[in-house]
Amino acid sequence: MNTVTVSLCNEDGTVYAQQTIEGVTGEWQKFETTFTSEVTENRHVCLAVEIPAGTACFDMISLMPQDTYKGLPIRKDFGEYSLETLLTGAPEQTLYESAVDADGDVILKLVNVSQEEQNVHIVLTGRDMACFLPEADVTVLAGADPKAANSFKEMKVTPQESKLAITDNFEYKAPANSLTVIRLTALKDRR
């Protein structure tokens with residue numbers, strides 16, 4: 001096997017772009033190619049690989065636009081729905097976070113893997129805080145035993161709900177061994 005044809009197409013087989021990869025052998029190798037399509041397709045895009053003879057194994061196939069979000073390996077449309085957050089006050093590798101925009105609401109997720117409560121300073125950037133209700137909904141799953149698991153017979157960990165006054169720069173105490181979800185609700189006329 002020397003050549004493999006790779007096509008970018010939709011679910012009915014319409015080919016948008018195609019490239020031929022030369023020099024394919026029986027050894028593991030990394031190959032990269034660039035597709036240029038004249039068509040924008042946001043759904044049901046697939047990659048078809050034509051092998052003239054023999055067998056081929058693929059480890060990781062990734063489709064990524066050249067124009068990405070802030071130069072990161074993230075599609076621009078996904079990156080624009082994420083938010084930048086800055087956490088301070090917790091030791092490294094004990095607190096993990098992510099923030100996303102969901103239909104105008106902001107959902108901030110914090111995981112504290114430490115055996116101790118963590119005082120955290122949270123800074124949200126990229127949103128006008130006047131667009132949100134002044135209090136966020138907080139849901140916490142926490143327990144003394146990080147390996148605790150619920151079953152049909154026994155609920156060892158249950159969600160605890162509360163409210164939290166928020167600004168673009170606020171404090172939060174993340175309980176030990178916890179998952180916290182903080183939802184900032186957008187004002188209906190500001191979505």
# chains A, B, ... in the order shown; residues from 1 in each chain; ligands from 1
>>> residues_around(residues="A:Lys188", least_positions_apart="2", cutoff="12 Å", atoms="only C-alpha atoms", output="list in words")
Asp103, Gly104, Asp105, Ala130, Cys131, Phe132, Leu133, Thr185, Ala186, Arg190 and Arg191 of chain A
>>> write_last_selection(atoms="N, CA and C atoms", output="PDB file, in the first residue's frame")
ATOM      1  N   ASP A 103     -27.050  29.125  26.499  1.00  0.00           N
ATOM      2  CA  ASP A 103     -28.214  29.945  26.145  1.00  0.00           C
ATOM      3  C   ASP A 103     -28.293  31.224  26.962  1.00  0.00           C
ATOM      4  N   GLY A 104     -27.174  31.875  27.173  1.00  0.00           N
ATOM      5  CA  GLY A 104     -27.153  33.128  27.918  1.00  0.00           C
ATOM      6  C   GLY A 104     -26.791  32.959  29.376  1.00  0.00           C
ATOM      7  N   ASP A 105     -27.110  31.803  29.958  1.00  0.00           N
ATOM      8  CA  ASP A 105     -26.712  31.539  31.346  1.00  0.00           C
ATOM      9  C   ASP A 105     -25.237  31.139  31.372  1.00  0.00           C
ATOM     10  N   ALA A 130     -24.196  42.815  34.717  1.00  0.00           N
ATOM     11  CA  ALA A 130     -25.529  43.417  34.824  1.00  0.00           C
ATOM     12  C   ALA A 130     -26.564  42.609  34.045  1.00  0.00           C
ATOM     13  N   CYS A 131     -26.116  41.670  33.239  1.00  0.00           N
ATOM     14  CA  CYS A 131     -27.022  40.829  32.449  1.00  0.00           C
ATOM     15  C   CYS A 131     -27.527  39.617  33.225  1.00  0.00           C
ATOM     16  N   PHE A 132     -27.100  39.477  34.494  1.00  0.00           N
ATOM     17  CA  PHE A 132     -27.459  38.288  35.272  1.00  0.00           C
ATOM     18  C   PHE A 132     -28.222  38.661  36.533  1.00  0.00           C
ATOM     19  N   LEU A 133     -28.999  37.711  37.029  1.00  0.00           N
ATOM     20  CA  LEU A 133     -29.610  37.890  38.342  1.00  0.00           C
ATOM     21  C   LEU A 133     -28.500  38.058  39.367  1.00  0.00           C
ATOM     22  N   THR A 185     -27.883  33.008  36.147  1.00  0.00           N
ATOM     23  CA  THR A 185     -29.041  33.058  35.256  1.00  0.00           C
ATOM     24  C   THR A 185     -29.135  34.417  34.593  1.00  0.00           C
ATOM     25  N   ALA A 186     -29.190  34.399  33.255  1.00  0.00           N
ATOM     26  CA  ALA A 186     -29.283  35.639  32.498  1.00  0.00           C
ATOM     27  C   ALA A 186     -30.681  36.236  32.644  1.00  0.00           C
ATOM     28  N   ARG A 190     -32.057  40.275  28.553  1.00  0.00           N
ATOM     29  CA  ARG A 190     -30.652  40.519  28.219  1.00  0.00           C
ATOM     30  C   ARG A 190     -29.996  39.322  27.526  1.00  0.00           C
ATOM     31  N   ARG A 191     -30.736  38.247  27.274  1.00  0.00           N
ATOM     32  CA  ARG A 191     -30.160  37.039  26.671  1.00  0.00           C
ATOM     33  C   ARG A 191     -29.744  37.292  25.255  1.00  0.00           C
TER      34      ARG A 191
END
>>> residues_around(residues="A:Met129", least_positions_apart="4", cutoff="10 Å", atoms="only C-alpha atoms", output="list in words")
Leu124, Thr125, Leu133, Pro134, Ile166, Thr167, Asp168, Asn169, Leu184 and Ala186 of chain A
>>> closest_residue(among="A:Gly54, A:Gly23, A:Pro146, A:Gly13", to="A:Pro175", atoms="only C-alpha atoms")
A:Pro146
>>> closest_residue(among="A:Ala176, A:Cys57, A:Ala142, A:Val49", to="A:Pro159", atoms="only C-alpha atoms")
A:Ala142
>>> closest_residue(among="A:Leu8, A:Val15, A:Glu22, A:Phe58", to="A:Thr34", atoms="only C-alpha atoms")
A:Leu8
>>> closest_residue(among="A:Ala48, A:Glu41, A:Ala53, A:Asn2", to="A:Gln18", atoms="only C-alpha atoms")
A:Ala48
